[in-house]
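The structure under discussion appears below in the form of structure tokens.
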Amino acid sequence: MLTACASRRAALLERLPPGACAIVFGNHDERRNADNHHRFRQSSDLLFLTDLSEPETVAVFTPSKDARFTLFVRPSDPHQELWYGRRAGLEGATELYGADQAFDIRELEKRLFELLDGCTEVHLLVGDRPIHDELILRVLARLRKNERNGSRAPSRIVDLNQTLHELRLVKDEAAILSMRRSCAVTVEAHLLAMRACVAGKREYEIEALVDYGFRRRNGLPGYQSIIGSGKNATILHYVDSRDELQPGQVLLVDAGCELDGFTGDVTRAYPIPVPGQRATFSRPQRQLYDLVLDAQLAAIAMVRPGVTIEEIHALISHRLAAGLCSLGLLSGDPAEAVETGALRRFYPHRSSHFLGLDVHDVGRYFPGGDARRLAQGMILTIEPGLYVQPTDPLGPDWQGIGIRIEDDILVTATGHEVLTADLPKRPDDLLKIVGTGLTLLV
Ligand SMILES: [Mn+2]
């Protein structure tokens, strides 16, 4: 990963105009309660460029200065390290992480004053964290005030999104390898959940297995897992995971493993069997499931360079609307149901997003105003769904069904590759596995 980070830094430096200074902030330790902290997760931008997973880290890039890559880190401190773990320190920052120079993070403001002096523009993720914006504005104000003493303040602030996030959008070989691994572990964990799914279990027991599947491969959930049974599956971001699985309901599992910072994002939905019996969809469940799967397969088939996410969403929306009209769940013309927003009663979300270090990864969807065309190396999800709210006037046969099918797709030179293809989704394959019993892989 360190070699990949070095190439990414080189690519960033190459894209910065001479005279620029780019500043990338890491994450801070976040308090959970009292004196407990959340598990630290580095900012994705810093992970992408440095792989240095320590709080209070800042990277500065100055293409036209002698030291082009500066790291600010927490200095070595035997007492702190005894309690809270090892630090790279200033020495590690240069020797292990490739910085041309390293400074104590406590000197950040003073040193930024020196680093920004003489630069023409400052690049940062404006608005990402107000505290960072304030720091930079403070330094710029001081530089301007000091111009009569010879300082030269940058005159432009540029959104780093345009360079750094464009780089992150097209995955390099190391990123694709990490994504393959996180997708493989995601598939394993989903299989554990499928096999264990029987009536009488609780949603949190399924979540525990998903977590186990991730953790045994050194992964962690890349986002809060959604384990929703019955009507809970119609809540798009349901995270309570408390209810008991009821026979005949559908269980929706949306979970992705993060490894090396890169995360999978996969959803499956399947019926909950009575223990010892074979899982079966009710007729309405199966009708919705077939619609969603048909739309997903059609959308995946169209993924290749040049296609836009807008086109994918339009195809899925049209297929779902047509299916709902023919089932009589929507009246009138499918195109009209899409246009008027009537479809949103059953399909309220989008069909696709970029995926990588962030589950909703960076990359603008309309750069320069036009829908972005997919290109080789981009990774996206395709995730149609249908949800009938428990209060929907369609009545009890349909109420409280939530179906979503989501896979992770790599755009290749001529088409695509489904990174999560090993996880069953065709009804026959799926129902063969669901509820067949737990095999713990130790
Ligand atoms: Mn997703």
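Identifiers in this document derive from the order of the structure tokens: chains are assigned A, B, ..., residues are numbered from 1 separately in each chain, and ligands are numbered from 1 in order of occurrence.
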Mind the document's chain letters and residue numbers, and return as a ChimeraX atom specification the residues of stretch 51-262 of chain A that DSSP labels strand (DSSP E).
/A:58-61,69-73,101-104,121-124,156-159,220-221,226-229,250-255,257-259,262
Counting only C-alpha atoms and all ligand atoms, which residues of chain A fall within 12 Å of ligand 1, and what is the closest atom pair for each with its distance in Å at one decimal, ordered by chain and rising number, as a Markdown table?
| residue | atom | partner | partner_atom_place_in_ligand_line | distance |
| --- | --- | --- | --- | --- |
| A:Gly222 | CA | ligand 1 | 1 (Mn) | 10.9 |
| A:Tyr223 | CA | ligand 1 | 1 (Mn) | 9.8 |
| A:Gln224 | CA | ligand 1 | 1 (Mn) | 11.5 |
| A:Ser225 | CA | ligand 1 | 1 (Mn) | 11.0 |
| A:Ile226 | CA | ligand 1 | 1 (Mn) | 10.9 |
| A:Leu236 | CA | ligand 1 | 1 (Mn) | 10.6 |
| A:His237 | CA | ligand 1 | 1 (Mn) | 10.6 |
| A:Val253 | CA | ligand 1 | 1 (Mn) | 11.5 |
| A:Asp254 | CA | ligand 1 | 1 (Mn) | 8.0 |
| A:Ala255 | CA | ligand 1 | 1 (Mn) | 8.9 |
| A:Gly256 | CA | ligand 1 | 1 (Mn) | 9.0 |
| A:Thr263 | CA | ligand 1 | 1 (Mn) | 10.5 |
| A:Gly264 | CA | ligand 1 | 1 (Mn) | 8.8 |
| A:Asp265 | CA | ligand 1 | 1 (Mn) | 5.4 |
| A:Val266 | CA | ligand 1 | 1 (Mn) | 6.8 |
| A:Thr267 | CA | ligand 1 | 1 (Mn) | 7.8 |
| A:Arg268 | CA | ligand 1 | 1 (Mn) | 11.4 |
| A:His349 | CA | ligand 1 | 1 (Mn) | 10.2 |
| A:Arg350 | CA | ligand 1 | 1 (Mn) | 9.3 |
| A:Ser351 | CA | ligand 1 | 1 (Mn) | 8.4 |
| A:Ser352 | CA | ligand 1 | 1 (Mn) | 7.0 |
| A:His353 | CA | ligand 1 | 1 (Mn) | 6.6 |
| A:Phe354 | CA | ligand 1 | 1 (Mn) | 8.6 |
| A:Leu355 | CA | ligand 1 | 1 (Mn) | 8.1 |
| A:Gly356 | CA | ligand 1 | 1 (Mn) | 11.2 |
| A:Asp358 | CA | ligand 1 | 1 (Mn) | 10.6 |
| A:Val359 | CA | ligand 1 | 1 (Mn) | 6.9 |
| A:His360 | CA | ligand 1 | 1 (Mn) | 7.1 |
| A:Asp361 | CA | ligand 1 | 1 (Mn) | 10.0 |
| A:Ile379 | CA | ligand 1 | 1 (Mn) | 11.6 |
| A:Leu380 | CA | ligand 1 | 1 (Mn) | 8.7 |
| A:Thr381 | CA | ligand 1 | 1 (Mn) | 5.9 |
| A:Ile382 | CA | ligand 1 | 1 (Mn) | 7.5 |
| A:Glu383 | CA | ligand 1 | 1 (Mn) | 6.5 |
| A:Pro384 | CA | ligand 1 | 1 (Mn) | 9.7 |
| A:Gly385 | CA | ligand 1 | 1 (Mn) | 11.0 |
| A:Arg404 | CA | ligand 1 | 1 (Mn) | 9.9 |
| A:Ile405 | CA | ligand 1 | 1 (Mn) | 9.6 |
| A:Glu406 | CA | ligand 1 | 1 (Mn) | 6.8 |
| A:Asp407 | CA | ligand 1 | 1 (Mn) | 8.3 |
| A:Asp408 | CA | ligand 1 | 1 (Mn) | 8.6 |
| A:Ile409 | CA | ligand 1 | 1 (Mn) | 11.4 |
If DSSP is run on the backbone, what residues of stretch 164-255 of chain A are alpha helix (DSSP H)? A reply as an NGL selection string would be ideal.
:A and (166-169 or 173-196 or 203-215)
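Using only C-alpha atoms for every distance, the candidate list A:Leu220, A:Ala22, A:Ala141, A:Ala375 yields A:Ala375 as the residue closest to A:Arg304.
Between atom CA of A:His318 and atom CA of A:Gly230 there is a distance of 25.9 Å.
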Do you know which residues are at most 8 Å from A:Ser317 counting only C-alpha atoms, after dropping those on the same chain fewer than 3 positions away, and could you put them as a PyMOL selection string?
chain A and resi 313-314+320-321+338+343
Go ahead and save the picked residues with all heavy atoms, as an mmCIF file, in the first residue's frame.
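Saved the output as result.cif:
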data_model
loop_
_atom_site.group_PDB
_atom_site.id
_atom_site.type_symbol
_atom_site.label_atom_id
_atom_site.label_comp_id
_atom_site.auth_asym_id
_atom_site.auth_seq_id
_atom_site.Cartn_x
_atom_site.Cartn_y
_atom_site.Cartn_z
ATOM 1 N N HIS A 313 -29.864 4.681 -13.884
ATOM 2 C CA HIS A 313 -31.021 4.973 -13.032
ATOM 3 C C HIS A 313 -32.316 5.040 -13.862
ATOM 4 O O HIS A 313 -33.367 4.574 -13.421
ATOM 5 C CB HIS A 313 -30.806 6.282 -12.271
ATOM 6 C CG HIS A 313 -31.902 6.602 -11.294
ATOM 7 N ND1 HIS A 313 -32.216 5.766 -10.238
ATOM 8 C CD2 HIS A 313 -32.765 7.652 -11.213
ATOM 9 C CE1 HIS A 313 -33.222 6.290 -9.548
ATOM 10 N NE2 HIS A 313 -33.577 7.430 -10.119
ATOM 11 N N ALA A 314 -32.196 5.595 -15.065
ATOM 12 C CA ALA A 314 -33.384 5.702 -15.922
ATOM 13 C C ALA A 314 -33.872 4.312 -16.317
ATOM 14 O O ALA A 314 -35.079 4.030 -16.282
ATOM 15 C CB ALA A 314 -33.059 6.532 -17.171
ATOM 16 N N LEU A 320 -38.710 -0.928 -13.240
ATOM 17 C CA LEU A 320 -39.509 -1.109 -12.018
ATOM 18 C C LEU A 320 -40.928 -0.581 -12.236
ATOM 19 O O LEU A 320 -41.903 -1.224 -11.848
ATOM 20 C CB LEU A 320 -38.847 -0.394 -10.829
ATOM 21 C CG LEU A 320 -37.505 -0.971 -10.356
ATOM 22 C CD1 LEU A 320 -36.945 -0.148 -9.189
ATOM 23 C CD2 LEU A 320 -37.639 -2.440 -9.924
ATOM 24 N N ALA A 321 -41.026 0.593 -12.867
ATOM 25 C CA ALA A 321 -42.351 1.190 -13.089
ATOM 26 C C ALA A 321 -43.195 0.290 -13.992
ATOM 27 O O ALA A 321 -44.376 0.053 -13.722
ATOM 28 C CB ALA A 321 -42.198 2.580 -13.699
ATOM 29 N N VAL A 338 -42.731 7.349 -13.680
ATOM 30 C CA VAL A 338 -41.363 7.807 -13.387
ATOM 31 C C VAL A 338 -41.354 9.331 -13.350
ATOM 32 O O VAL A 338 -40.842 9.947 -12.416
ATOM 33 C CB VAL A 338 -40.372 7.287 -14.452
ATOM 34 C CG1 VAL A 338 -38.968 7.839 -14.198
ATOM 35 C CG2 VAL A 338 -40.343 5.760 -14.461
ATOM 36 N N LEU A 343 -43.618 6.650 -8.884
ATOM 37 C CA LEU A 343 -42.775 5.486 -8.594
ATOM 38 C C LEU A 343 -42.112 5.596 -7.215
ATOM 39 O O LEU A 343 -41.820 4.589 -6.576
ATOM 40 C CB LEU A 343 -41.706 5.349 -9.695
ATOM 41 C CG LEU A 343 -40.657 4.240 -9.496
ATOM 42 C CD1 LEU A 343 -41.295 2.851 -9.511
ATOM 43 C CD2 LEU A 343 -39.567 4.331 -10.561
#
Within 8 Å of A:Val73, counting only C-alpha atoms, which residues show up once you throw out same-chain ones fewer than 3 positions away? Write them as a ChimeraX atom specification, please.
/A:54,56-58,88-90,93,102-105
Take the selection from the previous step and output its residues with N, CA and C atoms, as a JSON list (two decimals), in the first residue's frame.
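Writing done, so here's out_0.json:
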[["chain", "number", "residue", "atom", "x", "y", "z"],
["A", 54, "GLU", "N", -3.02, 7.50, 11.96],
["A", 54, "GLU", "CA", -2.92, 8.08, 13.30],
["A", 54, "GLU", "C", -3.70, 9.38, 13.35],
["A", 56, "GLU", "N", -4.53, 13.27, 14.35],
["A", 56, "GLU", "CA", -3.71, 14.50, 14.34],
["A", 56, "GLU", "C", -2.62, 14.43, 13.28],
["A", 57, "THR", "N", -2.97, 14.00, 12.10],
["A", 57, "THR", "CA", -2.01, 13.96, 11.00],
["A", 57, "THR", "C", -2.47, 14.92, 9.91],
["A", 58, "VAL", "N", -1.55, 15.69, 9.36],
["A", 58, "VAL", "CA", -1.88, 16.60, 8.26],
["A", 58, "VAL", "C", -0.79, 16.46, 7.20],
["A", 88, "ALA", "N", 4.16, 6.79, 14.85],
["A", 88, "ALA", "CA", 5.23, 6.85, 13.85],
["A", 88, "ALA", "C", 6.26, 7.90, 14.28],
["A", 89, "GLY", "N", 5.79, 8.98, 14.85],
["A", 89, "GLY", "CA", 6.69, 10.06, 15.25],
["A", 89, "GLY", "C", 7.27, 10.77, 14.03],
["A", 90, "LEU", "N", 8.05, 11.78, 14.28],
["A", 90, "LEU", "CA", 8.63, 12.56, 13.18],
["A", 90, "LEU", "C", 9.57, 11.71, 12.33],
["A", 93, "ALA", "N", 7.60, 9.35, 10.15],
["A", 93, "ALA", "CA", 6.90, 10.08, 9.09],
["A", 93, "ALA", "C", 7.80, 10.23, 7.86],
["A", 102, "ALA", "N", 9.11, 16.41, 8.30],
["A", 102, "ALA", "CA", 8.00, 16.17, 9.23],
["A", 102, "ALA", "C", 8.11, 17.13, 10.39],
["A", 103, "PHE", "N", 6.94, 17.58, 10.86],
["A", 103, "PHE", "CA", 6.90, 18.49, 12.00],
["A", 103, "PHE", "C", 5.90, 17.99, 13.03],
["A", 104, "ASP", "N", 6.08, 18.49, 14.25],
["A", 104, "ASP", "CA", 5.15, 18.25, 15.35],
["A", 104, "ASP", "C", 3.81, 18.91, 15.01],
["A", 105, "ILE", "N", 2.73, 18.18, 15.15],
["A", 105, "ILE", "CA", 1.40, 18.71, 14.81],
["A", 105, "ILE", "C", 1.08, 19.97, 15.61]]
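The smallest atom-to-atom distance between A:Phe346 and any of A:Leu288, A:Cys5, A:Leu297, A:Leu315, using only C-alpha atoms, is found for A:Leu288.
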Hey, which of A:Leu386, A:Leu374, A:Leu259, A:Val122 ends up closest to A:Pro348? Count only C-alpha atoms.
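Distance minimum relative to A:Pro348 lands on A:Leu386.
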List the neighbours of A:Val303 out to 10 Å using only C-alpha atoms; skip same-chain residues closer than 4 positions along the sequence, and give me the result as a PyMOL selection string.
chain A and resi 298-299+307-309+311-312+374-375+380+382+409-412+414-417
Counting only C-alpha atoms, the residue of A:Ile131, A:Leu96, A:Leu140, A:Ala20 that sits nearest A:Thr3
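Smallest separation from A:Thr3 among the options: A:Leu96.
Each of A:His28, A:Arg278, A:Arg373, A:Arg15 was checked against A:Phe61 using only C-alpha atoms; the smallest atom-to-atom distance is that of A:Arg15.
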Measuring atom to atom with only C-alpha atoms, identify which of A:Thr163, A:Ser241, A:Thr280, A:Ser53 is nearest to A:Leu13.
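Looking only at the distances to A:Leu13, the closest residue turns out to be A:Thr163.
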Using only C-alpha atoms, determine which residues lie at most 10 Å from A:Leu430, disregarding the query and same-chain residues fewer than 4 positions distant; provide the list as a ChimeraX atom specification.
/A:191,194-195,268-271,279-280,423-426,434
